[in-house]
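Asker: Before I ask anything, here is the structure I am working with.
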Amino acid sequence: MLTPPERHAALILLGVITALAIFHFGVVFLFPDGGAVPYRNDSADGSLVTLTGTVEEITFTRTGGHLILNISGTSVFVPGGAANLELLRGDNVTVRGTVETYAGEKEIVVNNPAQIVLN
């Protein structure tokens, strides 16, 4: 059997585990998109944003095999090209990524193709 101090420690540990589980599930259900905010032209670099729109252009870079999408006038950069991603011009999508400035222009960087969802 456990001694009283051991029981007390076990109860504290159980309470901490329960609190962490409640916090985790609360965050997952309250912020299903990871806390991303809708993209705006004045979104700050490093902001986690979402953008919903129509794919207007699909371009691969000359080197590196990266993918650049134009979604409703906003550039979306996908490093590595996302080989399994099947998009066509005119598709309605929602992307989640980080805002960065490249060559003086704002763009959304999507590091995982799963962050591009067909609507």
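By convention here, the chains of the structure tokens are called A, B, ... in the order presented, each chain's residues are numbered starting at 1, and ligands are numbered starting at 1 in the order presented.
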Using only C-alpha atoms, what does the table of segment 10-85 of chain A residues within 8 Å of segment 97-119 of chain A look like, with each row giving the shortest atom pair and its distance in Å to one decimal, sorted by chain and ascending number, as CSV?
Answerer:
```
residue,atom,partner,partner_atom,distance
A:Asn41,CA,A:Lys106,CA,7.5
A:Ser43,CA,A:Val99,CA,7.1
A:Ala44,CA,A:Val99,CA,6.7
A:Asp45,CA,A:Glu100,CA,4.8
A:Gly46,CA,A:Val99,CA,5.3
A:Ser47,CA,A:Thr98,CA,5.5
A:Leu48,CA,A:Thr98,CA,4.7
A:Val49,CA,A:Gly97,CA,5.6
A:Thr50,CA,A:Gly97,CA,6.6
A:Thr74,CA,A:Glu107,CA,6.5
A:Ser75,CA,A:Glu107,CA,4.9
A:Val76,CA,A:Ile108,CA,4.7
A:Phe77,CA,A:Val109,CA,4.8
A:Val78,CA,A:Val110,CA,5.1
A:Pro79,CA,A:Asn111,CA,6.3
A:Ala82,CA,A:Pro113,CA,5.8
A:Asn84,CA,A:Pro113,CA,7.9
A:Leu85,CA,A:Pro113,CA,6.6
```
Asker: Measure the distance from atom CA of Pro4 of chain A to atom CA of Phe23 of chain A in Å and round it to one decimal.
Answerer: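 About the pair atom CA of Pro4 of chain A and atom CA of Phe23 of chain A: they are 28.6 Å apart.
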Asker: Among chain A, which residues does DSSP mark as strand (DSSP E or B) when it is run on the backbone? Keep the chain and numbering as in the structure and answer as a ChimeraX atom specification.
Answerer: /A:37-38,48-60,67-71,74-78,92-102,105-109,116-118
